[in-house]
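Text of the file model_23.cif, holding mmCIF, C-alpha atoms:
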```cif
data_query
loop_
_atom_site.label_atom_id
_atom_site.label_comp_id
_atom_site.auth_asym_id
_atom_site.auth_seq_id
_atom_site.Cartn_x
_atom_site.Cartn_y
_atom_site.Cartn_z
CA MET B 3 38.86 -13.64 -7.59
CA ASP B 4 41.72 -11.39 -8.76
CA ASN B 5 42.17 -7.76 -7.78
CA TYR B 6 40.98 -6.43 -11.14
CA LYS B 7 37.66 -8.30 -11.01
CA GLN B 8 37.12 -7.36 -7.37
CA GLN B 9 37.69 -3.74 -8.26
CA ILE B 10 35.02 -3.93 -10.98
CA ILE B 11 32.55 -5.32 -8.45
CA GLU B 12 33.34 -2.53 -5.96
CA LEU B 13 33.00 0.11 -8.69
CA PHE B 14 29.55 -1.01 -9.76
CA ASN B 15 28.36 -1.73 -6.23
CA SER B 16 28.99 1.94 -5.47
CA ARG B 17 26.88 3.19 -8.39
CA THR B 18 23.56 3.35 -6.60
CA ALA B 19 22.07 5.82 -9.11
CA TYR B 20 23.36 4.13 -12.26
CA ASP B 21 20.18 4.68 -14.31
CA GLN B 22 20.42 8.45 -13.74
CA GLU B 23 24.15 8.83 -14.41
CA LYS B 24 25.10 11.01 -17.38
CA GLY B 25 21.51 12.08 -17.88
CA SER B 26 19.63 9.43 -19.82
CA GLN B 27 22.69 7.90 -21.51
CA HIS B 28 22.52 4.45 -19.88
CA PRO B 29 18.78 3.85 -20.45
CA ARG B 30 19.01 5.24 -23.99
CA GLU B 31 21.98 3.03 -24.91
CA ALA B 32 20.19 -0.03 -23.53
CA SER B 33 17.02 0.85 -25.44
CA LEU B 34 18.87 1.31 -28.74
CA LEU B 35 20.73 -1.97 -28.24
CA LEU B 36 17.47 -3.79 -27.54
CA GLU B 37 15.91 -2.30 -30.66
CA SER B 38 18.83 -3.46 -32.81
CA VAL B 39 17.55 -7.06 -32.73
CA ARG B 40 14.00 -8.08 -33.52
CA ILE B 41 12.81 -9.97 -30.45
CA GLN B 42 9.84 -12.28 -30.73
CA GLN B 43 7.39 -13.79 -28.28
CA GLY B 44 8.60 -16.99 -26.69
CA GLN B 45 12.32 -16.42 -27.23
CA LYS B 46 15.03 -17.05 -24.64
CA ILE B 47 17.39 -14.14 -23.97
CA LEU B 48 20.73 -13.96 -22.15
CA ASP B 49 21.72 -10.51 -20.88
CA ILE B 50 25.40 -10.48 -19.98
CA ALA B 51 26.46 -7.92 -17.32
CA THR B 52 22.81 -7.07 -16.89
CA GLY B 53 23.47 -4.35 -14.32
CA THR B 54 20.20 -2.78 -13.21
CA GLY B 55 18.21 -4.72 -15.81
CA LEU B 56 17.99 -1.92 -18.38
CA VAL B 57 18.01 -4.52 -21.18
CA ALA B 58 16.68 -7.58 -19.35
CA ILE B 59 13.42 -6.12 -18.04
CA PRO B 60 12.12 -4.66 -21.34
CA ALA B 61 13.35 -7.83 -23.11
CA ALA B 62 11.20 -9.88 -20.72
CA LEU B 63 8.18 -7.79 -21.70
CA LYS B 64 8.91 -8.42 -25.37
CA VAL B 65 9.29 -12.22 -25.12
CA GLY B 66 6.14 -12.53 -23.01
CA SER B 67 5.07 -15.28 -20.66
CA GLU B 68 6.22 -18.00 -23.07
CA GLY B 69 9.73 -16.55 -23.23
CA TYR B 70 12.48 -16.25 -20.64
CA VAL B 71 15.34 -13.89 -19.80
CA ILE B 72 18.47 -14.65 -17.79
CA GLY B 73 20.40 -11.62 -16.55
CA VAL B 74 23.93 -12.23 -15.26
CA ASP B 75 26.12 -9.82 -13.31
CA MET B 76 28.88 -10.13 -10.71
CA SER B 77 27.88 -6.96 -8.85
CA PRO B 78 25.35 -7.66 -6.09
CA GLY B 79 24.69 -3.93 -5.85
CA MET B 80 23.62 -3.78 -9.49
CA LEU B 81 21.51 -6.92 -9.17
CA ASN B 82 19.72 -5.55 -6.11
CA GLN B 83 18.60 -2.57 -8.20
CA ALA B 84 17.52 -4.90 -11.01
CA ARG B 85 15.51 -7.12 -8.67
CA GLU B 86 13.74 -4.11 -7.17
CA LYS B 87 12.64 -2.95 -10.62
CA PHE B 88 11.72 -6.52 -11.56
CA ALA B 89 9.48 -6.80 -8.50
CA VAL B 90 7.72 -3.53 -9.31
CA ALA B 91 7.11 -4.68 -12.89
CA GLY B 92 5.52 -7.88 -11.61
CA LEU B 93 7.30 -10.07 -14.15
CA GLN B 94 7.69 -13.83 -13.73
CA ASN B 95 9.97 -14.61 -16.67
CA ILE B 96 13.37 -13.26 -15.55
CA GLU B 97 16.10 -14.92 -13.54
CA PHE B 98 18.92 -12.76 -12.22
CA VAL B 99 22.17 -14.63 -11.53
CA GLU B 100 25.18 -13.34 -9.60
CA ALA B 101 28.21 -14.71 -11.42
CA ASP B 102 31.35 -13.80 -13.34
CA ALA B 103 30.12 -13.85 -16.95
CA GLU B 104 33.48 -15.12 -18.19
CA TYR B 105 32.88 -18.41 -16.38
CA LEU B 106 29.31 -19.04 -17.51
CA ASN B 107 28.43 -22.38 -18.99
CA PHE B 108 25.16 -23.12 -20.79
CA ASN B 109 24.20 -25.88 -23.17
CA ASP B 110 24.87 -25.33 -26.86
CA GLY B 111 22.03 -23.55 -28.64
CA SER B 112 20.33 -22.33 -25.46
CA PHE B 113 19.49 -18.75 -26.51
CA ASP B 114 17.91 -16.77 -29.31
CA VAL B 115 19.69 -13.51 -28.48
CA ILE B 116 22.66 -12.57 -26.27
CA PHE B 117 23.00 -8.93 -25.22
CA CYS B 118 25.86 -7.15 -23.48
CA CYS B 119 25.39 -3.43 -22.92
CA SER B 120 28.35 -1.21 -21.96
CA ALA B 121 30.36 -4.00 -20.35
CA ILE B 122 32.22 -6.20 -22.82
CA VAL B 123 35.35 -4.00 -22.58
CA TYR B 124 35.82 -5.16 -18.96
CA PHE B 125 36.25 -8.82 -19.96
CA THR B 126 39.77 -10.18 -19.62
CA ASP B 127 39.47 -12.44 -22.69
CA ILE B 128 36.94 -10.96 -25.10
CA LEU B 129 37.56 -13.46 -27.90
CA ALA B 130 37.02 -16.44 -25.58
CA SER B 131 33.77 -14.88 -24.34
CA LEU B 132 32.54 -14.28 -27.88
CA GLN B 133 33.34 -17.90 -28.75
CA LYS B 134 31.29 -19.04 -25.77
CA TRP B 135 28.41 -16.83 -26.75
CA HIS B 136 28.54 -18.26 -30.26
CA ARG B 137 28.17 -21.72 -28.78
CA PHE B 138 25.32 -20.65 -26.48
CA LEU B 139 23.29 -19.29 -29.40
CA LYS B 140 20.91 -21.20 -31.60
CA PRO B 141 21.94 -21.31 -35.30
CA GLY B 142 21.00 -18.13 -37.11
CA ARG B 143 20.45 -16.15 -33.92
CA PHE B 144 22.11 -12.93 -32.75
CA VAL B 145 24.62 -11.41 -30.41
CA ALA B 146 24.46 -7.64 -29.82
CA PHE B 147 26.68 -5.44 -27.67
CA THR B 148 27.90 -1.86 -27.26
CA CYS B 149 31.41 -0.54 -26.77
CA PRO B 150 33.29 2.77 -27.14
CA PRO B 151 36.08 3.49 -29.64
CA GLU B 152 39.63 3.37 -28.35
CA THR B 153 39.79 7.18 -28.54
CA ALA B 154 36.84 7.71 -26.14
CA TYR B 155 36.84 8.76 -22.47
CA MET B 156 40.26 10.44 -22.66
CA ALA B 157 41.93 7.08 -23.30
CA SER B 158 44.77 8.57 -25.36
CA VAL B 159 45.75 10.85 -22.44
CA TYR B 160 46.12 7.91 -20.05
CA VAL B 161 47.97 5.81 -22.63
CA ASN B 162 50.36 8.64 -23.44
CA ILE B 163 51.31 9.46 -19.85
CA CYS B 164 51.77 5.81 -18.86
CA THR B 165 53.75 4.99 -22.00
CA LYS B 166 56.02 7.96 -21.32
CA PHE B 167 56.42 7.01 -17.65
CA PHE B 168 57.01 3.27 -18.03
CA GLY B 169 58.82 3.44 -21.36
CA ILE B 170 56.56 0.84 -22.99
CA PRO B 171 53.04 1.09 -24.43
CA LEU B 172 50.25 -0.24 -22.22
CA THR B 173 47.02 -1.67 -23.58
CA HIS B 174 44.02 0.45 -22.58
CA ILE B 175 40.75 -1.26 -21.67
CA LEU B 176 39.09 0.17 -24.80
CA ALA B 177 41.76 -1.01 -27.25
CA PRO B 178 40.67 -4.62 -28.07
CA LEU B 179 37.32 -3.52 -29.55
CA GLY B 180 38.32 0.07 -30.19
CA SER B 181 37.60 0.31 -33.92
CA PRO B 182 34.99 -1.14 -36.30
CA GLU B 183 37.76 -3.24 -37.84
CA LYS B 184 38.75 -4.71 -34.46
CA CYS B 185 35.12 -5.50 -33.62
CA HIS B 186 34.62 -7.15 -37.00
CA ASN B 187 37.81 -9.22 -36.77
CA LEU B 188 37.09 -10.53 -33.26
CA LEU B 189 33.53 -11.49 -34.17
CA LYS B 190 34.71 -13.22 -37.32
CA LYS B 191 37.36 -15.16 -35.36
CA ALA B 192 34.63 -16.23 -32.93
CA GLY B 193 32.61 -17.67 -35.81
CA PHE B 194 30.00 -14.94 -36.35
CA ARG B 195 28.71 -13.66 -39.68
CA ASP B 196 26.49 -10.85 -40.99
CA ILE B 197 28.36 -8.40 -38.76
CA GLU B 198 26.86 -4.92 -38.47
CA ILE B 199 28.45 -1.99 -36.65
CA LYS B 200 26.60 1.29 -36.25
CA ILE B 201 28.40 4.30 -34.82
CA GLU B 202 26.65 6.91 -32.69
CA PRO B 203 28.95 9.95 -32.39
CA ARG B 204 28.55 11.93 -29.18
CA GLY B 205 30.54 13.76 -26.56
CA ARG B 206 30.47 16.32 -23.76
CA TYR B 207 32.52 19.05 -22.14
CA ARG B 208 33.88 18.25 -18.69
CA ASN B 209 35.93 19.89 -15.99
CA PHE B 210 38.95 17.71 -15.17
CA SER B 211 40.77 20.29 -13.04
CA ASN B 212 40.06 18.55 -9.74
CA GLN B 213 40.37 14.96 -10.91
CA GLU B 214 43.14 12.99 -9.23
CA LEU B 215 44.59 9.79 -10.60
CA SER B 216 44.46 6.78 -8.33
CA SER B 217 46.22 3.43 -8.53
CA GLN B 218 42.78 1.78 -8.50
CA PHE B 219 41.66 3.79 -11.53
CA LEU B 220 44.82 3.04 -13.48
CA ASN B 221 44.58 -0.63 -12.56
CA LEU B 222 41.04 -0.67 -13.92
CA ILE B 223 41.62 1.08 -17.25
CA PHE B 224 44.71 -1.04 -17.95
CA LYS B 225 43.02 -4.27 -16.80
CA GLY B 226 45.32 -5.11 -13.93
CA ASN B 227 48.60 -4.64 -15.77
CA PRO B 228 51.37 -5.90 -13.42
CA LEU B 229 53.30 -2.62 -13.81
CA LEU B 230 50.47 -0.80 -12.06
CA LEU B 231 49.98 -3.25 -9.21
CA GLU B 232 53.21 -2.19 -7.51
CA ILE B 233 53.14 1.52 -8.27
CA SER B 234 54.45 3.62 -5.37
CA PRO B 235 52.89 6.84 -4.04
CA GLU B 236 55.87 8.76 -5.43
CA GLN B 237 55.38 7.27 -8.90
CA LEU B 238 51.66 8.04 -8.72
CA ASN B 239 52.46 11.67 -7.90
CA GLN B 240 54.76 11.87 -10.92
CA LEU B 241 51.99 10.46 -13.12
CA GLN B 242 49.57 13.02 -11.66
CA VAL B 243 51.88 15.85 -12.75
CA GLU B 244 52.05 14.43 -16.28
CA TYR B 245 48.30 13.95 -16.32
CA LYS B 246 47.52 17.53 -15.34
CA SER B 247 49.98 18.79 -17.95
CA GLU B 248 48.23 16.79 -20.69
CA ILE B 249 44.78 17.92 -19.56
CA GLU B 250 45.83 21.59 -19.55
CA LYS B 251 46.67 21.30 -23.25
CA LEU B 252 43.04 20.35 -23.96
CA VAL B 253 41.23 22.98 -21.91
CA THR B 254 38.87 25.37 -23.71
CA ASP B 255 36.46 28.03 -22.43
CA GLN B 256 33.80 25.31 -22.19
CA GLY B 257 36.03 22.74 -20.51
CA VAL B 258 37.67 19.62 -21.94
CA TRP B 259 35.88 17.80 -24.73
CA GLU B 260 35.39 14.12 -23.91
CA ASP B 261 34.40 11.78 -26.72
CA THR B 262 31.63 9.38 -25.63
CA THR B 263 30.93 7.83 -29.03
CA THR B 264 29.37 4.36 -28.93
CA PHE B 265 29.51 1.39 -31.30
CA PHE B 266 26.34 -0.69 -31.60
CA VAL B 267 27.47 -4.12 -32.77
CA LYS B 268 25.31 -7.00 -34.01
CA ALA B 269 26.24 -10.35 -35.55
CA ARG B 270 24.60 -13.63 -36.44
CA LYS B 271 25.66 -17.18 -35.61
#
```
So, in terms of structure tokens, how does the structure I just supplied come out?
Amino acid sequence: MDNYKQQIIELFNSRTAYDQEKGSQHPREASLLLESVRIQQGQKILDIATGTGLVAIPAALKVGSEGYVIGVDMSPGMLNQAREKFAVAGLQNIEFVEADAEYLNFNDGSFDVIFCCSAIVYFTDILASLQKWHRFLKPGRFVAFTCPPETAYMASVYVNICTKFFGIPLTHILAPLGSPEKCHNLLKKAGFRDIEIKIEPRGRYRNFSNQELSSQFLNLIFKGNPLLLEISPEQLNQLQVEYKSEIEKLVTDQGVWEDTTTFFVKARK
């Protein structure tokens, strides 16, 4: 497994209070995503990057004893939390699988719905994954996922400082699906139709004064770009200076405004 994927695993393994992070944002996003598709009794659901089971467990309740849910994640820490909640709920119709979702292989037409909440941006080849999901779905059935716009989570700040430092633009992790047009085009290329994208604007004020850049963080948000794998401590310090300068330009009396807007995307096979 490459360094980028291992870093993702370590990041999510460390998030032992994921459901309570950012208030109720994670459970609310999962609930809205689940509501975006009409689930029926007896259906088979695939929850990609299931995390703590925020989508998978309520989906299992909706499909009932005749239905089935498979939740896949490569973070054992996340899956441990999901299995604990699953045991408390007393459900018998969920299977949690530890695996890299980009290497999954199911028979054609295996699922009625495929969900992916808050995680598709981490995939190294989003189009290839969408094409797989299209194949995994039954005809006429749905894929639904969430993602942020390319302007969210201070992305432009990180892109600007790294572009200035390295002299070439780097692709941020949010860029491939970072606009409704990009989402639509990728889904269309993957073979989907009836594409719907709903935008939920939101944001928050944060204090970035004590935040330090790390090579691990930069490697993550630029998906393991080779330029960042060999960055020296001196170069990282120079980037830190640029970062703090950019942040200072955005400071208000309330802090720095961080866009946390979310796209809710749904399409049919």
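Interatomic distance, CA of Gly69 (chain B) against CA of Asp49 (chain B): 13.6 Å.
Using the PyMOL selection byres ((chain B and resi 187) around 12) on the file at hand returns these residues: Ile128, Leu129, Leu132, Pro178, Leu179, Gly180, Ser181, Pro182, Glu183, Lys184, Cys185, His186, Leu188, Leu189, Lys190, Lys191, Ala192, Gly193, Phe194, Arg195, Ile197, Glu198, Ile199 and Ala269 of chain B.
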Please tabulate, as JSON lines, the residues of region 127-185 of chain B that come within 12 Å of region 200-220 of chain B, each with its closest pair of atoms and the distance in Å to one decimal, counting all atoms listed in the file and ordering rows by chain, then residue number upward.
```
{"residue": "B:Ala146", "atom": "CA", "partner": "B:Lys200", "partner_atom": "CA", "distance": 11.2}
{"residue": "B:Phe147", "atom": "CA", "partner": "B:Lys200", "partner_atom": "CA", "distance": 10.9}
{"residue": "B:Thr148", "atom": "CA", "partner": "B:Lys200", "partner_atom": "CA", "distance": 9.6}
{"residue": "B:Cys149", "atom": "CA", "partner": "B:Ile201", "partner_atom": "CA", "distance": 9.9}
{"residue": "B:Pro150", "atom": "CA", "partner": "B:Ile201", "partner_atom": "CA", "distance": 9.2}
{"residue": "B:Pro151", "atom": "CA", "partner": "B:Ile201", "partner_atom": "CA", "distance": 9.3}
{"residue": "B:Thr153", "atom": "CA", "partner": "B:Gly205", "partner_atom": "CA", "distance": 11.5}
{"residue": "B:Ala154", "atom": "CA", "partner": "B:Gly205", "partner_atom": "CA", "distance": 8.7}
{"residue": "B:Tyr155", "atom": "CA", "partner": "B:Gly205", "partner_atom": "CA", "distance": 9.0}
{"residue": "B:Met156", "atom": "CA", "partner": "B:Phe210", "partner_atom": "CA", "distance": 10.5}
{"residue": "B:Ala157", "atom": "CA", "partner": "B:Leu220", "partner_atom": "CA", "distance": 11.0}
{"residue": "B:Val159", "atom": "CA", "partner": "B:Leu220", "partner_atom": "CA", "distance": 11.9}
{"residue": "B:Tyr160", "atom": "CA", "partner": "B:Leu220", "partner_atom": "CA", "distance": 8.3}
{"residue": "B:Val161", "atom": "CA", "partner": "B:Leu220", "partner_atom": "CA", "distance": 10.1}
{"residue": "B:Ile163", "atom": "CA", "partner": "B:Leu220", "partner_atom": "CA", "distance": 11.1}
{"residue": "B:Cys164", "atom": "CA", "partner": "B:Leu220", "partner_atom": "CA", "distance": 9.2}
{"residue": "B:Leu172", "atom": "CA", "partner": "B:Leu220", "partner_atom": "CA", "distance": 10.8}
{"residue": "B:Thr173", "atom": "CA", "partner": "B:Leu220", "partner_atom": "CA", "distance": 11.4}
{"residue": "B:His174", "atom": "CA", "partner": "B:Leu220", "partner_atom": "CA", "distance": 9.5}
{"residue": "B:Ile175", "atom": "CA", "partner": "B:Leu220", "partner_atom": "CA", "distance": 10.1}
{"residue": "B:Gly180", "atom": "CA", "partner": "B:Ile201", "partner_atom": "CA", "distance": 11.7}
{"residue": "B:Ser181", "atom": "CA", "partner": "B:Ile201", "partner_atom": "CA", "distance": 10.1}
{"residue": "B:Pro182", "atom": "CA", "partner": "B:Ile201", "partner_atom": "CA", "distance": 8.7}
{"residue": "B:Cys185", "atom": "CA", "partner": "B:Lys200", "partner_atom": "CA", "distance": 11.2}
```
### Proximity to Val123 (chain B) - best of B:Ala58, B:Val39, B:Ala177, B:Ile11, only C-alpha atoms
B:Ala177
### Task
Place a sphere of radius 6 Å on (28.0, -5.8, -5.5) in the file coordinates and name every protein, DNA or RNA residue with an atom inside or on its surface, counting all atoms listed in the file; give the answer as a ChimeraX atom specification.
/B:11,15,77-79
### Task
Measuring atom to atom with all atoms listed in the file, identify which of B:Ala89, B:Ile50, B:Leu139, B:Leu238 is nearest to Ser120 (chain B).
B:Ile50
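Of the listed residues B:Ala103, B:Cys118, B:Val243, B:Ala51, the one whose atoms come nearest to Phe167 (chain B) is B:Val243, with distances taken using all atoms listed in the file.
Taking CA of Gly257 (chain B) and CA of Leu230 (chain B) as the two end points, the separation is 28.9 Å.
With distances taken over all atoms listed in the file, B:Leu81 is the one residue among B:Val74, B:Ala61, B:Leu48, B:Leu81 lying closest to Thr18 (chain B).
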### Radius query 12 Å about (2.1, -14.9, -27.5), atoms used: all atoms listed in the file, as a PyMOL selection string
chain B and resi 42-45+63-69
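Proximity ranking of B:Gln133, B:Thr52, B:Gln22, B:Ser33 relative to Val99 (chain B) places B:Thr52 first, based on only C-alpha atoms.
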Write out as a PDB file with C-alpha atoms, in the coordinates of the input the residues lying within 12 Å of Gln8 (chain B), counting all atoms listed in the file and excluding same-chain residues fewer than 5 positions away.
```pdb
ATOM      1  CA  MET B   3      38.860 -13.640  -7.590  1.00  0.00           C
ATOM      2  CA  LEU B  13      33.000   0.110  -8.690  1.00  0.00           C
ATOM      3  CA  PHE B  14      29.550  -1.010  -9.760  1.00  0.00           C
ATOM      4  CA  ASN B  15      28.360  -1.730  -6.230  1.00  0.00           C
ATOM      5  CA  MET B  76      28.880 -10.130 -10.710  1.00  0.00           C
ATOM      6  CA  SER B  77      27.880  -6.960  -8.850  1.00  0.00           C
ATOM      7  CA  PRO B  78      25.350  -7.660  -6.090  1.00  0.00           C
ATOM      8  CA  ASP B 102      31.350 -13.800 -13.340  1.00  0.00           C
ATOM      9  CA  TYR B 124      35.820  -5.160 -18.960  1.00  0.00           C
ATOM     10  CA  GLN B 218      42.780   1.780  -8.500  1.00  0.00           C
ATOM     11  CA  ASN B 221      44.580  -0.630 -12.560  1.00  0.00           C
ATOM     12  CA  LEU B 222      41.040  -0.670 -13.920  1.00  0.00           C
ATOM     13  CA  LYS B 225      43.020  -4.270 -16.800  1.00  0.00           C
ATOM     14  CA  GLY B 226      45.320  -5.110 -13.930  1.00  0.00           C
TER      15      GLY B 226
END
```
### Task
Would you kindly return, as a ChimeraX atom specification, each protein, DNA or RNA residue with an atom no farther than 10 Å from any atom of Asp21 (chain B), considering only C-alpha atoms and excluding same-chain residues fewer than 5 positions away?
/B:26-30,53-56,83
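Between Val90 (chain B) and the residues B:Ile59, B:Leu106, B:Ile223, B:Val71, the shortest atom-to-atom distance, using only C-alpha atoms, involves B:Ile59.
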Generate the missing atoms of region 168-190 of chain B up to N, CA and C atoms and report them as a PDB file, keeping the file's coordinate frame.
```
ATOM      1  N   PHE B 168      56.457   4.615 -18.138  1.00  0.00           N
ATOM      2  CA  PHE B 168      57.010   3.270 -18.030  1.00  0.00           C
ATOM      3  C   PHE B 168      57.948   2.909 -19.182  1.00  0.00           C
ATOM      4  N   GLY B 169      57.917   3.691 -20.243  1.00  0.00           N
ATOM      5  CA  GLY B 169      58.820   3.440 -21.360  1.00  0.00           C
ATOM      6  C   GLY B 169      58.334   2.372 -22.325  1.00  0.00           C
ATOM      7  N   ILE B 170      57.152   1.821 -22.078  1.00  0.00           N
ATOM      8  CA  ILE B 170      56.560   0.840 -22.990  1.00  0.00           C
ATOM      9  C   ILE B 170      55.068   1.137 -23.110  1.00  0.00           C
ATOM     10  N   PRO B 171      54.477   0.842 -24.273  1.00  0.00           N
ATOM     11  CA  PRO B 171      53.040   1.090 -24.430  1.00  0.00           C
ATOM     12  C   PRO B 171      52.206   0.104 -23.615  1.00  0.00           C
ATOM     13  N   LEU B 172      51.180   0.607 -22.955  1.00  0.00           N
ATOM     14  CA  LEU B 172      50.250  -0.240 -22.220  1.00  0.00           C
ATOM     15  C   LEU B 172      48.944  -0.329 -22.993  1.00  0.00           C
ATOM     16  N   THR B 173      48.272  -1.466 -22.870  1.00  0.00           N
ATOM     17  CA  THR B 173      47.020  -1.670 -23.580  1.00  0.00           C
ATOM     18  C   THR B 173      45.852  -1.143 -22.757  1.00  0.00           C
ATOM     19  N   HIS B 174      45.172  -0.134 -23.265  1.00  0.00           N
ATOM     20  CA  HIS B 174      44.020   0.450 -22.580  1.00  0.00           C
ATOM     21  C   HIS B 174      42.822  -0.487 -22.686  1.00  0.00           C
ATOM     22  N   ILE B 175      41.916  -0.395 -21.721  1.00  0.00           N
ATOM     23  CA  ILE B 175      40.750  -1.260 -21.670  1.00  0.00           C
ATOM     24  C   ILE B 175      39.880  -1.163 -22.926  1.00  0.00           C
ATOM     25  N   LEU B 176      39.923  -0.012 -23.608  1.00  0.00           N
ATOM     26  CA  LEU B 176      39.090   0.170 -24.800  1.00  0.00           C
ATOM     27  C   LEU B 176      39.750  -0.331 -26.087  1.00  0.00           C
ATOM     28  N   ALA B 177      41.021  -0.686 -26.031  1.00  0.00           N
ATOM     29  CA  ALA B 177      41.760  -1.010 -27.250  1.00  0.00           C
ATOM     30  C   ALA B 177      41.279  -2.268 -27.991  1.00  0.00           C
ATOM     31  N   PRO B 178      40.986  -3.384 -27.316  1.00  0.00           N
ATOM     32  CA  PRO B 178      40.670  -4.620 -28.070  1.00  0.00           C
ATOM     33  C   PRO B 178      39.492  -4.505 -29.021  1.00  0.00           C
ATOM     34  N   LEU B 179      38.478  -3.704 -28.683  1.00  0.00           N
ATOM     35  CA  LEU B 179      37.320  -3.520 -29.550  1.00  0.00           C
ATOM     36  C   LEU B 179      37.218  -2.062 -30.011  1.00  0.00           C
ATOM     37  N   GLY B 180      38.336  -1.364 -30.048  1.00  0.00           N
ATOM     38  CA  GLY B 180      38.320   0.070 -30.190  1.00  0.00           C
ATOM     39  C   GLY B 180      38.110   0.649 -31.569  1.00  0.00           C
ATOM     40  N   SER B 181      37.903  -0.172 -32.581  1.00  0.00           N
ATOM     41  CA  SER B 181      37.600   0.310 -33.920  1.00  0.00           C
ATOM     42  C   SER B 181      36.627  -0.656 -34.576  1.00  0.00           C
ATOM     43  N   PRO B 182      35.884  -0.205 -35.594  1.00  0.00           N
ATOM     44  CA  PRO B 182      34.990  -1.140 -36.300  1.00  0.00           C
ATOM     45  C   PRO B 182      35.737  -2.354 -36.847  1.00  0.00           C
ATOM     46  N   GLU B 183      36.971  -2.132 -37.307  1.00  0.00           N
ATOM     47  CA  GLU B 183      37.760  -3.240 -37.840  1.00  0.00           C
ATOM     48  C   GLU B 183      38.088  -4.274 -36.768  1.00  0.00           C
ATOM     49  N   LYS B 184      38.445  -3.798 -35.559  1.00  0.00           N
ATOM     50  CA  LYS B 184      38.750  -4.710 -34.460  1.00  0.00           C
ATOM     51  C   LYS B 184      37.517  -5.495 -34.032  1.00  0.00           C
ATOM     52  N   CYS B 185      36.369  -4.817 -33.958  1.00  0.00           N
ATOM     53  CA  CYS B 185      35.120  -5.500 -33.620  1.00  0.00           C
ATOM     54  C   CYS B 185      34.821  -6.586 -34.648  1.00  0.00           C
ATOM     55  N   HIS B 186      34.921  -6.209 -35.911  1.00  0.00           N
ATOM     56  CA  HIS B 186      34.620  -7.150 -37.000  1.00  0.00           C
ATOM     57  C   HIS B 186      35.543  -8.366 -36.947  1.00  0.00           C
ATOM     58  N   ASN B 187      36.837  -8.119 -36.758  1.00  0.00           N
ATOM     59  CA  ASN B 187      37.810  -9.220 -36.770  1.00  0.00           C
ATOM     60  C   ASN B 187      37.596 -10.182 -35.606  1.00  0.00           C
ATOM     61  N   LEU B 188      37.319  -9.658 -34.413  1.00  0.00           N
ATOM     62  CA  LEU B 188      37.090 -10.530 -33.260  1.00  0.00           C
ATOM     63  C   LEU B 188      35.826 -11.369 -33.438  1.00  0.00           C
ATOM     64  N   LEU B 189      34.777 -10.744 -33.935  1.00  0.00           N
ATOM     65  CA  LEU B 189      33.530 -11.490 -34.170  1.00  0.00           C
ATOM     66  C   LEU B 189      33.724 -12.562 -35.231  1.00  0.00           C
ATOM     67  N   LYS B 190      34.453 -12.236 -36.262  1.00  0.00           N
ATOM     68  CA  LYS B 190      34.710 -13.220 -37.320  1.00  0.00           C
ATOM     69  C   LYS B 190      35.532 -14.393 -36.781  1.00  0.00           C
TER      70      LYS B 190
END
```
